[in-house]
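Novice: One structure is given below, represented as structure tokens, and several questions about it will come after.
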Amino acid sequence: MQREPFGMSVGASRLQQAERAFGGGSRYLLRDLFTPLDTLLASGGDPRLALDPHTRLNSYGCAPSPAPDVWNFASSTASPISQAAYDRAALAREELVHKSLFDEVEVAFDSRCEDMRDELRGHLQLSPQVDVVFSPSGTDSQLHALFLARAVLGAPPLTIVVGADQTGSGTAHTARGRHFSTMTASGFSVRKDGAIAGLAGDSIVLPLLNAAPGLAPRLDADSAVFRAVESAIARGAPVLLQIMDSSKLGWRAPSAACLDEIARRWSDKVQVVVDACQMRLGRRRLRSYLDRGYMVLITGSKFFGGPAFSGALLVPKGLSRSLDRGVEIAPGLLDYADRSDWPKAWSTLRSCFERRPNFGQWLRWEAALAEIGSYYAVPGAFRARALAELAAGIESMIALTPSLAAVPTVLERAGVDDEEFARATIFPFALLRDGKPVSIAETSAVHRALACDMNDDVKGSAADRRVAAQRCLVGQPVRLERPDGKPQAVLRLCVGARLVTEAWLADAAQAQRNLQHILDRIAHVLVKIELLLDRGAAAAVPEKSAFEV
């Protein structure tokens with residue numbers, strides 16, 4: 001936009017800037033920012049973010065505005081937005097409107113995105129040389145990683161996905177460079193599983209579930225990963241190795257020793273990307289991945305509890321330098337990103353993309369940054385103690401609940417110091433009746449019923465009805481294919497950052513009482529599950545609901 005001549009009054013300049021913005025001089029009009037905040041927060045994602053017209057909830061059972069009466073233990077899936085995060089999004093919108101009166105909306109938006117990169121690096125204690133590529137979701141970020149891997153490796157790679165049975169459903173498509181939905185976050189209609197121009201390729205999936213009876217991690221994960229890489233290299237294909245830290249069940253693979261051996265043999269033929277979208281890893285562990293030259297997929301919407309659909313790809317400085325020389329753009333990627341998603345330092349690559357601000361993605365990241373900042377403002381000693389105490393309490397309660405069967409929560413935690421994440425924060429369990437797992441359909445029904453007021457459907461004492469009335473979210477059912485029998489589903493109790501943030505007080509005694517209060521609520525959730533299974537009340541919840549698997 002051409003600047004006003006020197007000497008023009010500020011008032012006149014602001015008025016004329018606004019008139020041009022509202023008059024169509026910019027494709028992305030200032031008026032878009034005056035859309036109701038709830039609508040903006042639910043925009044700029046794929047169809048899973050759309051609100052049900054009756055419940056006003058998205059497919060994860062979350063509203064775009066705070067829901068303080070809903071107990072949330074679902075951070076492995078999605079969390080309702082907190083009041084503090086909602087307030088930050090509202091303030092960020094006001095500030096961008098104000099700045100847009102002095103400059104183009106796109107210019108002000110681009111500058112804010114760059115500031116957010118700095119803020120995220122600061123919270124995660126990352127080097128300024130680590131670049132951040134924003135996206136609407138971790139699934140979108142997988143496409144960014146595939147594109148960058150092709151540029152670094154100099155050829156289309158074979159993607160090997162570790163933990164394919166416990167990652168996002170879209171990974172089966174993105175690993176092969178294919179559309180994972182019927183519409184992109186930018187609003188372009190596409191054919192699900194159709195090839196993305198310039199990205200389509202092949203993939204191999206490696207599940208983490210043991211083939212033997214029972215729900216347990218496979219013991220040969222390292223050898224399976226190594227064999228897959230070795231076979232691909234022997235066929236002449238470079239490899240994009242997507243490793244897991246951590247999965248929907250809290251598992252990790254492969255081990256650091258396995259990755260060291262792969263690097264020793266094929267450092268120039270394998271690019272590693274870490275699926276850390278759950279963000280259940282310490283900052284030292286995160287930095288160690290980047291120091292090794294790995295890309296890292298993250299979100300602000302899992303452990304940290306920001307609203308669903310806020311993704312990012314962390315790119316180590318070595319890869320960033322190689323991209324300074326310019327890369328051949330994948331035409332299909334243009335439908336998946338805006339210029340502001342890419343760091344300003346990548347000027348050549350950025351110039352290929354339109355200025356198409358995704359206000360929903362931006363505001364969800366604003367909300368997520370509020371949560372991330374609040375979490376790391378809590379002293380590290382309390383964060384570690386809180387996560388350890390909550391883990392011990394949850395594990396004990398699941399073990400003592402007759403209708404629940406715990407699933408192992410840890411696959412590999414040796415090596416890098418993982419700070420407060422030395423203990424698990426996802427606690428999966430199967431539902432049992434007469435000692436046998438219930439069906440996937442009943443597990444899904446229980447999940448839906450937990451999120452509803454079931455007071456009228458549970459017949460019993462007043463105390464039972466009070467338990468049944470409480471709305472609570474737990475992690476969506478994970479479907480596990482069993483090589484030795486029928487598929488099975490497990491639910492998950494999750495400890496997220498917000499539980500720690502809200503429990504913290506300088507008064508140690510009160511902080512301890514706050515942690516006990518959280519455990520009391522979790523016990524309440526487990527009692528509600530018992531009531532639902534015992535009374536068959538979950539069947540009263542319609543199958544067509546916002547809480548489908």
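Simple scheme: letters A, B, ... for chains in structure tokens order, numbers from 1 for residues in each chain, numbers from 1 for ligands in the order shown.
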Name the residues in contact with Asp131 of chain A at a cut-off of 10 Å, using only C-alpha atoms, excluding same-chain residues fewer than 2 positions from it; report them as a count of residues only.

Specialist: 23

Novice: Any idea what's packed within 12 Å of Gly214 of chain A, counting only C-alpha atoms, ignoring anything in its chain fewer than 3 positions away? Could you give it as a PyMOL selection string?

Specialist: chain A and resi 209-211+217-218+405-408+430+436-437+480-488

Novice: Which of segment 245-446 of chain A counts as strand (DSSP E) under DSSP, as a PyMOL selection string please?

Specialist: chain A and resi 245+252-253+270-275+295-299+311-315+404-406+426-433+436-437

Novice: Keeping only N, CA and C atoms, write the selected residues to a file as a compact mmCIF listing (two decimals), in the first residue's frame.

Specialist:
```txt
# COMPACT_ATOMS: atom_id res chain seq x y z
N ASP A 245 6.71 -39.35 19.35
CA ASP A 245 7.01 -38.90 20.71
C ASP A 245 5.97 -37.83 21.11
N ARG A 252 6.33 -44.10 22.79
CA ARG A 252 7.42 -43.51 21.97
C ARG A 252 8.16 -44.61 21.24
N ALA A 253 8.64 -44.27 20.04
CA ALA A 253 9.49 -45.20 19.29
C ALA A 253 10.01 -44.47 18.06
N VAL A 270 18.49 -40.00 5.04
CA VAL A 270 17.32 -40.08 5.92
C VAL A 270 17.10 -38.75 6.61
N GLN A 271 15.91 -38.21 6.47
CA GLN A 271 15.50 -37.02 7.21
C GLN A 271 14.45 -37.44 8.23
N VAL A 272 14.70 -37.13 9.48
CA VAL A 272 13.78 -37.49 10.55
C VAL A 272 12.85 -36.33 10.86
N VAL A 273 11.57 -36.63 11.04
CA VAL A 273 10.61 -35.67 11.56
C VAL A 273 9.95 -36.33 12.77
N VAL A 274 9.87 -35.61 13.86
CA VAL A 274 9.32 -36.13 15.11
C VAL A 274 7.86 -35.72 15.23
N ASP A 275 6.98 -36.69 15.39
CA ASP A 275 5.59 -36.39 15.69
C ASP A 275 5.48 -36.13 17.19
N MET A 295 13.34 -32.31 12.09
CA MET A 295 12.18 -31.44 12.15
C MET A 295 11.23 -31.97 13.22
N VAL A 296 10.42 -31.09 13.80
CA VAL A 296 9.52 -31.51 14.88
C VAL A 296 8.12 -30.94 14.64
N LEU A 297 7.12 -31.83 14.65
CA LEU A 297 5.72 -31.44 14.53
C LEU A 297 5.17 -31.17 15.93
N ILE A 298 4.56 -30.00 16.12
CA ILE A 298 3.99 -29.68 17.43
C ILE A 298 2.58 -29.11 17.24
N THR A 299 1.85 -29.02 18.34
CA THR A 299 0.58 -28.29 18.36
C THR A 299 0.48 -27.53 19.68
N GLY A 311 -1.32 -25.84 14.64
CA GLY A 311 -0.15 -26.67 14.38
C GLY A 311 1.07 -25.84 14.03
N ALA A 312 2.23 -26.48 14.10
CA ALA A 312 3.47 -25.82 13.69
C ALA A 312 4.53 -26.87 13.41
N LEU A 313 5.44 -26.52 12.54
CA LEU A 313 6.61 -27.34 12.25
C LEU A 313 7.84 -26.57 12.70
N LEU A 314 8.64 -27.17 13.57
CA LEU A 314 9.91 -26.58 14.00
C LEU A 314 11.01 -27.09 13.07
N VAL A 315 11.77 -26.17 12.52
CA VAL A 315 12.79 -26.52 11.53
C VAL A 315 14.17 -26.13 12.07
N LEU A 404 -12.43 -51.31 34.71
CA LEU A 404 -11.40 -50.72 33.87
C LEU A 404 -10.16 -51.62 33.83
N ALA A 405 -9.54 -51.68 32.68
CA ALA A 405 -8.27 -52.40 32.52
C ALA A 405 -7.25 -51.44 31.94
N ALA A 406 -6.21 -51.14 32.71
CA ALA A 406 -5.19 -50.18 32.27
C ALA A 406 -4.40 -50.73 31.09
N ILE A 426 -0.78 -39.49 29.81
CA ILE A 426 -1.95 -40.10 29.17
C ILE A 426 -2.15 -41.47 29.79
N PHE A 427 -3.39 -41.76 30.20
CA PHE A 427 -3.68 -43.00 30.90
C PHE A 427 -4.82 -43.74 30.19
N PRO A 428 -4.47 -44.64 29.27
CA PRO A 428 -5.51 -45.35 28.51
C PRO A 428 -6.06 -46.53 29.29
N PHE A 429 -7.31 -46.84 29.04
CA PHE A 429 -7.92 -47.98 29.71
C PHE A 429 -9.06 -48.53 28.85
N ALA A 430 -9.23 -49.85 28.94
CA ALA A 430 -10.36 -50.51 28.29
C ALA A 430 -11.50 -50.65 29.29
N LEU A 431 -12.74 -50.65 28.79
CA LEU A 431 -13.91 -50.86 29.63
C LEU A 431 -14.25 -52.35 29.64
N LEU A 432 -14.57 -52.85 30.81
CA LEU A 432 -14.83 -54.28 30.98
C LEU A 432 -16.24 -54.53 31.51
N ARG A 433 -16.78 -55.66 31.11
CA ARG A 433 -17.99 -56.19 31.73
C ARG A 433 -17.78 -57.68 31.92
N LYS A 436 -14.47 -58.94 30.57
CA LYS A 436 -14.19 -58.93 29.15
C LYS A 436 -14.42 -57.54 28.57
N PRO A 437 -13.63 -57.14 27.56
CA PRO A 437 -13.80 -55.80 26.98
C PRO A 437 -15.19 -55.63 26.36
```

Novice: Excluding Ala84 of chain A and its own-chain neighbours fewer than 6 positions away, which residues fall within 10 Å of it when counting only C-alpha atoms? Please give them as a list in words.

Specialist: Pro66, Ala90, Ala367, Ala370, Glu371 and Ser374 of chain A

Novice: Selection from above, N, CA and C atoms, as a compact mmCIF listing (two decimals), in the first residue's frame, can you write it?

Specialist:
```
# COMPACT_ATOMS: atom_id res chain seq x y z
N PRO A 66 -15.50 -20.34 26.39
CA PRO A 66 -15.21 -21.09 27.61
C PRO A 66 -16.42 -21.87 28.12
N ALA A 90 -9.37 -12.31 22.21
CA ALA A 90 -10.17 -11.10 22.01
C ALA A 90 -9.28 -9.87 21.96
N ALA A 367 -4.44 -18.02 21.56
CA ALA A 367 -4.98 -18.68 22.74
C ALA A 367 -4.00 -19.72 23.28
N ALA A 370 -1.13 -18.26 25.20
CA ALA A 370 -1.51 -17.88 26.56
C ALA A 370 -1.36 -19.06 27.50
N GLU A 371 -1.78 -20.25 27.05
CA GLU A 371 -1.68 -21.45 27.87
C GLU A 371 -0.22 -21.87 28.07
N SER A 374 1.51 -19.50 30.47
CA SER A 374 1.06 -19.71 31.85
C SER A 374 1.67 -20.97 32.45
```

Novice: If we count only C-alpha atoms and set the cut-off at 6 Å, which residues sit around segment 492-507 of chain A, ignoring sequence neighbours fewer than 4 positions away in its own chain? Please answer as a list of chain:residue names.

Specialist: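 Everything that qualifies: A:Phe73, A:Ala74, A:Ser75, A:Phe303, A:Phe304, A:Tyr375, A:Thr425, A:Ile426, A:Phe427, A:Pro428, A:Val474, A:Gly475, A:Ala511, A:Asn514, A:Leu515.
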
Novice: Which value, in Å to one decimal, gives the distance between atom CA of Ala92 of chain A and atom CA of Arg112 of chain A?

Specialist: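 Computing it gives 9.3 Å between the two atoms.
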
Novice: Identify, on the basis of only C-alpha atoms, every residue whose closest approach to segment 175-184 of chain A does not exceed 7 Å; exclude the query and any residue fewer than 4 positions from it along the same chain; express the result as a PyMOL selection string.

Specialist: chain A and resi 46+143+159+170-171+188-196+199-203+335-336

Novice: Which residues, written as an MDAnalysis selection string, have at least one atom at most 6 Å from segment 445-461 of chain A, with only C-alpha atoms counted and residues fewer than 2 positions away on the same chain left out?

Specialist: chainID A and resid 442:443 463:465 468:473 537:538 547

Novice: For Ala237 of chain A, find every residue with an atom within 9 Å (counting only C-alpha atoms), except residues of its own chain fewer than 3 positions away, and show them as JSON, numbers by chain.

Specialist: {"A": [155, 156, 157, 158, 232, 233, 234, 269]}

Novice: Emit the selected residues as a tab-separated table (two decimals), in the first residue's frame, including C-alpha atoms.

Specialist:
```tsv
chain	number	residue	atom	x	y	z
A	155	ALA	CA	14.30	-36.43	-4.42
A	156	PRO	CA	10.83	-37.67	-3.45
A	157	PRO	CA	11.30	-39.70	-0.26
A	158	LEU	CA	9.62	-42.85	0.93
A	232	ALA	CA	14.15	-48.39	1.40
A	233	ILE	CA	17.77	-47.28	1.06
A	234	ALA	CA	18.63	-50.55	-0.70
A	269	LYS	CA	19.70	-40.27	2.96
```

Novice: Can you measure atom CA of Gly305 of chain A to atom CA of Ser79 of chain A for me? One decimal in Å is fine.

Specialist: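 Here the two named atoms are 5.4 Å from each other.
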